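A.B. asks: Once you've had a glance at the structure underneath, I'll fire off some questions.
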Amino acid sequence: MKLDRLLSEIIFLLNREMVSASTLAERFGVSRRTIQRDMECIELAGIPIFTQQGPQGGYGIVESYKMERQLMSVDDFYYIVTALKGVAGSLDDEHLDSTLQKVQTLLPRTSTDIFSGRNEKLSLDFSMLGGDQRHREAFKIVREAVEHERLLRFRYTNNKLESTTRIVEPLTIAFRWRSWYLYAYCRNREDYRLFRISRIKEPEILAAIIKRKDLSFEQFLEENYRQVSTKALEIELKFAPIMRAMVEEYYDPKECRILDDGSLVVRTRMPEDGWLYGYILSFGEYVEVLKPHRLRKIIVETAGKIEKIY
């Protein structure tokens, strides 16, 4: 805690000419005597602190030592702060909020008005990605397990809607494909797995300390991509003309062919699982499976089951 406070005090002083001991004491929740000792520690660390006595006095960092702000432009600060705000809204993380405040104190005072004005031109809001309060609480527990390298147990529902209890060695938290995932070694499956955090229920940190595995997250993605590419199903979909904007947004032009009536035929490769069936059905009457015949039959049968419900 003391080290965090000292760092925060240094950043606070770097952006100001001089600050009174009482102001520092109030901001950091300590006594004036503690502030005096902190200033002595900072100076012993090699950062030159000057002291000015009197009613208008206080502490400051020698001007020649201060950070050269020209190394970072207003644009640099703007994008850093905007990104941090977006991520903080998703994670609901107190540490991120603290980091955000520290970065904002580095913004040159002369640029504050320009910075404020630009906030109206770009806004990033990832708050929905954090899910509801249950997901946020689960996320905190998962992250704690990763940070402290502890074994983790939870209930999980996969793409096939199968619910099982898993015991995993949590390795990495990653944001991919518009969601947060946990990369872990699953002891149930004796293999590496990706778990979508929003599907993790009742996470519990166990006492056992884990040893990190050799296979990194990036290596896992590369190997998984090769496996998925090999096993992916080649499909051909025919979209109605009204879906042209969506098709052009999501598919490579090389995969698309426009017919005389304005409809689009997309030839691509996708992993075959429950997600693929749901994806095709989500377009309703605006898409038709042309190939393969087996997939076409599955969609017809599923649509028939849906019709019986209604």
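Following the order of the structure tokens, first chain is A, next is B, and so on, with residues numbered from 1 inside each chain and ligands from 1 in the order they appear.
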Write out as a list of chain:residue names which residues come within 9 Å of Lys238 in chain A when counting only C-alpha atoms, dropping same-chain ones fewer than 4 positions away.

C.D. replies: A:Ser263, A:Leu264, A:Val265, A:Val266, A:Arg267, A:Tyr286, A:Val287, A:Glu288, A:Val289, A:Leu290

A.B. asks: Generate the output file for the selected residues, all heavy atoms, as a PDB file, in the first residue's frame.

C.D. replies:
```pdb
ATOM      1  N   SER A 263     -30.026 -11.426 -55.130  1.00  0.00           N
ATOM      2  CA  SER A 263     -29.672 -12.283 -53.994  1.00  0.00           C
ATOM      3  C   SER A 263     -28.176 -12.595 -54.032  1.00  0.00           C
ATOM      4  O   SER A 263     -27.518 -12.434 -55.061  1.00  0.00           O
ATOM      5  CB  SER A 263     -30.484 -13.582 -54.016  1.00  0.00           C
ATOM      6  OG  SER A 263     -30.272 -14.276 -55.228  1.00  0.00           O
ATOM      7  N   LEU A 264     -27.647 -13.023 -52.892  1.00  0.00           N
ATOM      8  CA  LEU A 264     -26.217 -13.270 -52.777  1.00  0.00           C
ATOM      9  C   LEU A 264     -25.961 -14.711 -52.354  1.00  0.00           C
ATOM     10  O   LEU A 264     -26.599 -15.213 -51.415  1.00  0.00           O
ATOM     11  CB  LEU A 264     -25.578 -12.324 -51.764  1.00  0.00           C
ATOM     12  CG  LEU A 264     -25.660 -10.828 -52.066  1.00  0.00           C
ATOM     13  CD1 LEU A 264     -26.890 -10.221 -51.412  1.00  0.00           C
ATOM     14  CD2 LEU A 264     -24.414 -10.107 -51.568  1.00  0.00           C
ATOM     15  N   VAL A 265     -25.022 -15.330 -53.025  1.00  0.00           N
ATOM     16  CA  VAL A 265     -24.602 -16.675 -52.654  1.00  0.00           C
ATOM     17  C   VAL A 265     -23.233 -16.581 -51.989  1.00  0.00           C
ATOM     18  O   VAL A 265     -22.295 -16.011 -52.559  1.00  0.00           O
ATOM     19  CB  VAL A 265     -24.534 -17.602 -53.881  1.00  0.00           C
ATOM     20  CG1 VAL A 265     -23.949 -18.957 -53.486  1.00  0.00           C
ATOM     21  CG2 VAL A 265     -25.914 -17.778 -54.492  1.00  0.00           C
ATOM     22  N   VAL A 266     -23.157 -17.094 -50.770  1.00  0.00           N
ATOM     23  CA  VAL A 266     -21.916 -17.053 -50.004  1.00  0.00           C
ATOM     24  C   VAL A 266     -21.372 -18.472 -49.872  1.00  0.00           C
ATOM     25  O   VAL A 266     -22.092 -19.377 -49.423  1.00  0.00           O
ATOM     26  CB  VAL A 266     -22.141 -16.451 -48.605  1.00  0.00           C
ATOM     27  CG1 VAL A 266     -20.865 -16.549 -47.771  1.00  0.00           C
ATOM     28  CG2 VAL A 266     -22.599 -15.012 -48.710  1.00  0.00           C
ATOM     29  N   ARG A 267     -20.134 -18.653 -50.262  1.00  0.00           N
ATOM     30  CA  ARG A 267     -19.461 -19.937 -50.093  1.00  0.00           C
ATOM     31  C   ARG A 267     -18.332 -19.744 -49.087  1.00  0.00           C
ATOM     32  O   ARG A 267     -17.408 -18.962 -49.321  1.00  0.00           O
ATOM     33  CB  ARG A 267     -18.913 -20.444 -51.420  1.00  0.00           C
ATOM     34  CG  ARG A 267     -18.173 -21.777 -51.296  1.00  0.00           C
ATOM     35  CD  ARG A 267     -17.721 -22.304 -52.634  1.00  0.00           C
ATOM     36  NE  ARG A 267     -18.867 -22.733 -53.452  1.00  0.00           N
ATOM     37  CZ  ARG A 267     -18.733 -23.204 -54.686  1.00  0.00           C
ATOM     38  NH1 ARG A 267     -17.525 -23.277 -55.247  1.00  0.00           N
ATOM     39  NH2 ARG A 267     -19.801 -23.580 -55.359  1.00  0.00           N
ATOM     40  N   TYR A 286     -34.798 -15.318 -44.774  1.00  0.00           N
ATOM     41  CA  TYR A 286     -33.904 -14.551 -45.642  1.00  0.00           C
ATOM     42  C   TYR A 286     -32.647 -15.313 -46.060  1.00  0.00           C
ATOM     43  O   TYR A 286     -31.761 -14.746 -46.684  1.00  0.00           O
ATOM     44  CB  TYR A 286     -33.503 -13.236 -44.949  1.00  0.00           C
ATOM     45  CG  TYR A 286     -34.690 -12.350 -44.671  1.00  0.00           C
ATOM     46  CD1 TYR A 286     -35.047 -12.034 -43.362  1.00  0.00           C
ATOM     47  CD2 TYR A 286     -35.468 -11.844 -45.707  1.00  0.00           C
ATOM     48  CE1 TYR A 286     -36.143 -11.224 -43.092  1.00  0.00           C
ATOM     49  CE2 TYR A 286     -36.565 -11.036 -45.456  1.00  0.00           C
ATOM     50  CZ  TYR A 286     -36.897 -10.729 -44.145  1.00  0.00           C
ATOM     51  OH  TYR A 286     -37.990  -9.936 -43.892  1.00  0.00           O
ATOM     52  N   VAL A 287     -32.543 -16.585 -45.687  1.00  0.00           N
ATOM     53  CA  VAL A 287     -31.383 -17.369 -46.092  1.00  0.00           C
ATOM     54  C   VAL A 287     -31.817 -18.800 -46.415  1.00  0.00           C
ATOM     55  O   VAL A 287     -32.767 -19.320 -45.819  1.00  0.00           O
ATOM     56  CB  VAL A 287     -30.292 -17.380 -44.994  1.00  0.00           C
ATOM     57  CG1 VAL A 287     -30.751 -18.174 -43.780  1.00  0.00           C
ATOM     58  CG2 VAL A 287     -28.980 -17.936 -45.543  1.00  0.00           C
ATOM     59  N   GLU A 288     -31.143 -19.404 -47.373  1.00  0.00           N
ATOM     60  CA  GLU A 288     -31.391 -20.788 -47.747  1.00  0.00           C
ATOM     61  C   GLU A 288     -30.056 -21.530 -47.832  1.00  0.00           C
ATOM     62  O   GLU A 288     -29.097 -21.024 -48.418  1.00  0.00           O
ATOM     63  CB  GLU A 288     -32.098 -20.862 -49.109  1.00  0.00           C
ATOM     64  CG  GLU A 288     -32.325 -22.289 -49.594  1.00  0.00           C
ATOM     65  CD  GLU A 288     -32.869 -22.350 -51.005  1.00  0.00           C
ATOM     66  OE1 GLU A 288     -33.112 -21.271 -51.601  1.00  0.00           O
ATOM     67  OE2 GLU A 288     -33.031 -23.474 -51.536  1.00  0.00           O
ATOM     68  N   VAL A 289     -29.999 -22.706 -47.227  1.00  0.00           N
ATOM     69  CA  VAL A 289     -28.797 -23.537 -47.319  1.00  0.00           C
ATOM     70  C   VAL A 289     -28.841 -24.266 -48.657  1.00  0.00           C
ATOM     71  O   VAL A 289     -29.774 -25.033 -48.924  1.00  0.00           O
ATOM     72  CB  VAL A 289     -28.725 -24.547 -46.163  1.00  0.00           C
ATOM     73  CG1 VAL A 289     -27.507 -25.459 -46.344  1.00  0.00           C
ATOM     74  CG2 VAL A 289     -28.651 -23.833 -44.815  1.00  0.00           C
ATOM     75  N   LEU A 290     -27.834 -24.046 -49.471  1.00  0.00           N
ATOM     76  CA  LEU A 290     -27.746 -24.734 -50.757  1.00  0.00           C
ATOM     77  C   LEU A 290     -26.916 -26.009 -50.643  1.00  0.00           C
ATOM     78  O   LEU A 290     -27.278 -27.039 -51.208  1.00  0.00           O
ATOM     79  CB  LEU A 290     -27.135 -23.804 -51.812  1.00  0.00           C
ATOM     80  CG  LEU A 290     -27.902 -22.493 -52.095  1.00  0.00           C
ATOM     81  CD1 LEU A 290     -27.188 -21.690 -53.164  1.00  0.00           C
ATOM     82  CD2 LEU A 290     -29.336 -22.778 -52.499  1.00  0.00           C
TER      83      LEU A 290
END
```

A.B. asks: To test your reading of the structure, identify every residue in range 161-280 of chain A that backbone DSSP assigns to strand (DSSP E or B), and report it as a PyMOL selection string.

C.D. replies: chain A and resi 163-176+179-186+191-196+200-209+233-239+256-258+264-270

A.B. asks: Contacts of range 277-285 of chain A at 10 Å or less, counting only C-alpha atoms, minus same-chain residues fewer than 2 places along, as a list in words?

C.D. replies: Leu237, Phe239, Ala240, Met243, Glu272, Asp273, Gly274, Trp275, Val287, Glu288, Val289, Leu295, Arg296, Ile298, Ile299, Val300, Thr302 and Ala303 of chain A

A.B. asks: Restricting it to N, CA, C and O atoms, dump the selection as a short mmCIF file (atom, residue, chain, number, x, y, z; two decimals), in the first residue's frame.

C.D. replies:
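Once written, out_20.cif looks like this:
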```cif
data_model
loop_
_atom_site.label_atom_id
_atom_site.label_comp_id
_atom_site.auth_asym_id
_atom_site.auth_seq_id
_atom_site.Cartn_x
_atom_site.Cartn_y
_atom_site.Cartn_z
N LEU A 237 -24.54 -20.64 -48.82
CA LEU A 237 -25.77 -20.02 -48.35
C LEU A 237 -26.26 -19.01 -49.38
O LEU A 237 -25.46 -18.26 -49.95
N PHE A 239 -28.54 -15.72 -49.66
CA PHE A 239 -29.21 -14.68 -48.90
C PHE A 239 -30.13 -13.86 -49.80
O PHE A 239 -29.80 -13.58 -50.97
N ALA A 240 -31.26 -13.42 -49.24
CA ALA A 240 -32.20 -12.58 -49.98
C ALA A 240 -31.56 -11.21 -50.24
O ALA A 240 -30.68 -10.77 -49.50
N MET A 243 -30.70 -8.62 -47.55
CA MET A 243 -29.62 -8.88 -46.60
C MET A 243 -28.25 -8.47 -47.15
O MET A 243 -27.23 -8.76 -46.54
N GLU A 272 -18.90 -27.00 -37.72
CA GLU A 272 -20.27 -27.49 -37.60
C GLU A 272 -20.57 -27.84 -36.15
O GLU A 272 -20.00 -28.77 -35.58
N ASP A 273 -21.47 -27.07 -35.56
CA ASP A 273 -21.93 -27.34 -34.21
C ASP A 273 -23.28 -26.66 -34.03
O ASP A 273 -23.86 -26.12 -34.98
N GLY A 274 -23.78 -26.68 -32.80
CA GLY A 274 -25.07 -26.06 -32.52
C GLY A 274 -25.11 -24.59 -32.85
O GLY A 274 -26.15 -24.05 -33.23
N TRP A 275 -23.96 -23.93 -32.68
CA TRP A 275 -23.91 -22.50 -32.98
C TRP A 275 -24.20 -22.25 -34.45
O TRP A 275 -24.92 -21.31 -34.81
N VAL A 287 -32.54 -16.58 -45.69
CA VAL A 287 -31.38 -17.37 -46.09
C VAL A 287 -31.82 -18.80 -46.41
O VAL A 287 -32.77 -19.32 -45.82
N GLU A 288 -31.14 -19.40 -47.37
CA GLU A 288 -31.39 -20.79 -47.75
C GLU A 288 -30.06 -21.53 -47.83
O GLU A 288 -29.10 -21.02 -48.42
N VAL A 289 -30.00 -22.71 -47.23
CA VAL A 289 -28.80 -23.54 -47.32
C VAL A 289 -28.84 -24.27 -48.66
O VAL A 289 -29.77 -25.03 -48.92
N LEU A 295 -26.58 -30.60 -44.19
CA LEU A 295 -26.85 -29.42 -43.38
C LEU A 295 -28.23 -28.86 -43.71
O LEU A 295 -28.97 -28.42 -42.82
N ARG A 296 -28.57 -28.88 -44.99
CA ARG A 296 -29.88 -28.40 -45.42
C ARG A 296 -30.98 -29.21 -44.72
O ARG A 296 -31.98 -28.66 -44.26
N ILE A 298 -30.75 -30.84 -41.85
CA ILE A 298 -30.78 -30.53 -40.41
C ILE A 298 -31.58 -29.26 -40.16
O ILE A 298 -32.39 -29.18 -39.22
N ILE A 299 -31.39 -28.24 -41.00
CA ILE A 299 -32.10 -26.98 -40.83
C ILE A 299 -33.60 -27.18 -41.05
O ILE A 299 -34.44 -26.64 -40.32
N VAL A 300 -33.95 -27.98 -42.05
CA VAL A 300 -35.37 -28.26 -42.33
C VAL A 300 -36.01 -28.96 -41.13
O VAL A 300 -37.11 -28.61 -40.68
N THR A 302 -35.01 -28.96 -37.98
CA THR A 302 -35.07 -28.05 -36.84
C THR A 302 -36.20 -27.04 -36.99
O THR A 302 -36.92 -26.75 -36.04
N ALA A 303 -36.34 -26.51 -38.21
CA ALA A 303 -37.43 -25.56 -38.47
C ALA A 303 -38.78 -26.23 -38.25
O ALA A 303 -39.72 -25.60 -37.74
#
```

A.B. asks: Can you tell me, as number ranges by chain, what residues are no more than 12 Å from Val168 in chain A when counting only C-alpha atoms, ignoring any on the same chain fewer than 2 positions away?

C.D. replies: A: 142, 145-146, 149-156, 165-166, 170-172, 182-195, 200, 203-206, 208-213

A.B. asks: Go ahead and save the residues from that selection, with C-alpha atoms, as a PDB file, in the first residue's frame.

C.D. replies:
```
ATOM      1  CA  VAL A 142     -12.158 -15.907 -12.117  1.00  0.00           C
ATOM      2  CA  ALA A 145      -7.956 -17.236  -9.447  1.00  0.00           C
ATOM      3  CA  VAL A 146      -5.824 -16.325 -12.470  1.00  0.00           C
ATOM      4  CA  GLU A 149      -2.663 -19.056  -9.670  1.00  0.00           C
ATOM      5  CA  ARG A 150      -5.261 -21.070  -7.780  1.00  0.00           C
ATOM      6  CA  LEU A 151      -7.313 -24.030  -8.906  1.00  0.00           C
ATOM      7  CA  LEU A 152     -10.866 -23.060  -9.918  1.00  0.00           C
ATOM      8  CA  ARG A 153     -14.126 -25.024  -9.826  1.00  0.00           C
ATOM      9  CA  PHE A 154     -17.375 -23.966 -11.524  1.00  0.00           C
ATOM     10  CA  ARG A 155     -20.464 -25.136 -13.402  1.00  0.00           C
ATOM     11  CA  TYR A 156     -20.331 -24.599 -17.139  1.00  0.00           C
ATOM     12  CA  THR A 165     -18.885 -29.157 -13.180  1.00  0.00           C
ATOM     13  CA  ARG A 166     -15.314 -28.353 -14.180  1.00  0.00           C
ATOM     14  CA  PRO A 170      -6.882 -20.904 -14.939  1.00  0.00           C
ATOM     15  CA  LEU A 171      -4.181 -19.367 -17.125  1.00  0.00           C
ATOM     16  CA  THR A 172      -5.360 -16.303 -19.050  1.00  0.00           C
ATOM     17  CA  LEU A 182     -11.018 -17.875 -19.652  1.00  0.00           C
ATOM     18  CA  TYR A 183      -8.182 -19.897 -21.137  1.00  0.00           C
ATOM     19  CA  ALA A 184      -7.464 -22.815 -18.825  1.00  0.00           C
ATOM     20  CA  TYR A 185      -6.263 -26.395 -18.558  1.00  0.00           C
ATOM     21  CA  CYS A 186      -9.349 -28.493 -17.837  1.00  0.00           C
ATOM     22  CA  ARG A 187      -8.611 -31.412 -15.517  1.00  0.00           C
ATOM     23  CA  ASN A 188     -11.909 -33.072 -16.472  1.00  0.00           C
ATOM     24  CA  ARG A 189     -10.980 -33.184 -20.174  1.00  0.00           C
ATOM     25  CA  GLU A 190      -7.208 -33.312 -19.582  1.00  0.00           C
ATOM     26  CA  ASP A 191      -6.737 -30.675 -22.243  1.00  0.00           C
ATOM     27  CA  TYR A 192      -6.696 -26.913 -22.822  1.00  0.00           C
ATOM     28  CA  ARG A 193     -10.053 -25.195 -23.196  1.00  0.00           C
ATOM     29  CA  LEU A 194     -11.647 -21.785 -23.692  1.00  0.00           C
ATOM     30  CA  PHE A 195     -14.558 -20.985 -21.373  1.00  0.00           C
ATOM     31  CA  ILE A 200     -19.476 -19.787 -15.809  1.00  0.00           C
ATOM     32  CA  PRO A 203     -17.072 -20.176  -9.474  1.00  0.00           C
ATOM     33  CA  GLU A 204     -15.096 -21.269  -6.425  1.00  0.00           C
ATOM     34  CA  ILE A 205     -11.384 -20.760  -5.810  1.00  0.00           C
ATOM     35  CA  LEU A 206      -9.755 -23.872  -4.352  1.00  0.00           C
ATOM     36  CA  ALA A 208      -4.420 -25.758  -4.445  1.00  0.00           C
ATOM     37  CA  ILE A 209      -1.793 -23.596  -6.136  1.00  0.00           C
ATOM     38  CA  ILE A 210      -1.213 -24.359  -9.806  1.00  0.00           C
ATOM     39  CA  LYS A 211       1.903 -24.293 -11.933  1.00  0.00           C
ATOM     40  CA  ARG A 212       1.529 -22.471 -15.242  1.00  0.00           C
ATOM     41  CA  LYS A 213       1.494 -24.678 -18.322  1.00  0.00           C
TER      42      LYS A 213
END
```

A.B. asks: Given the choices A:Gly54, A:Leu161, A:Phe12, A:Pro271, which gets closest to Arg226 in chain A if the distance is worked out from only C-alpha atoms?

C.D. replies: A:Pro271

A.B. asks: Might you pull out every residue within 9 Å of range 28-34 of chain A, with only C-alpha atoms counted and same-chain residues fewer than 5 positions away left off, and present them as a VMD selection string?

C.D. replies: chain A and resid 5 8 to 9 21 to 23 39

A.B. asks: Give me the residues near Asn158 in chain A as a ChimeraX atom specification, where near means some atom within 9 Å (using only C-alpha atoms) and where sequence neighbours in that chain fewer than 5 positions away do not count.

C.D. replies: /A:163-164,195-196,199

A.B. asks: Could you take the residues named above and write them with N, CA, C and O atoms, as a PDB file, in the first residue's frame?

C.D. replies:
```
ATOM      1  N   SER A 163     -24.468 -29.127 -19.317  1.00  0.00           N
ATOM      2  CA  SER A 163     -23.984 -28.476 -18.098  1.00  0.00           C
ATOM      3  C   SER A 163     -23.163 -29.462 -17.271  1.00  0.00           C
ATOM      4  O   SER A 163     -23.638 -30.560 -16.952  1.00  0.00           O
ATOM      5  N   THR A 164     -21.936 -29.090 -16.949  1.00  0.00           N
ATOM      6  CA  THR A 164     -21.040 -29.953 -16.179  1.00  0.00           C
ATOM      7  C   THR A 164     -20.281 -29.123 -15.148  1.00  0.00           C
ATOM      8  O   THR A 164     -20.199 -27.900 -15.257  1.00  0.00           O
ATOM      9  N   PHE A 195     -13.254 -21.054 -22.020  1.00  0.00           N
ATOM     10  CA  PHE A 195     -14.558 -20.985 -21.373  1.00  0.00           C
ATOM     11  C   PHE A 195     -15.083 -19.556 -21.456  1.00  0.00           C
ATOM     12  O   PHE A 195     -14.403 -18.609 -21.035  1.00  0.00           O
ATOM     13  N   ARG A 196     -16.256 -19.409 -22.004  1.00  0.00           N
ATOM     14  CA  ARG A 196     -16.884 -18.088 -22.040  1.00  0.00           C
ATOM     15  C   ARG A 196     -17.320 -17.726 -20.628  1.00  0.00           C
ATOM     16  O   ARG A 196     -18.095 -18.459 -19.999  1.00  0.00           O
ATOM     17  N   ARG A 199     -20.843 -17.796 -19.162  1.00  0.00           N
ATOM     18  CA  ARG A 199     -21.476 -19.105 -18.959  1.00  0.00           C
ATOM     19  C   ARG A 199     -20.951 -19.815 -17.716  1.00  0.00           C
ATOM     20  O   ARG A 199     -21.380 -20.921 -17.412  1.00  0.00           O
TER      21      ARG A 199
END
```
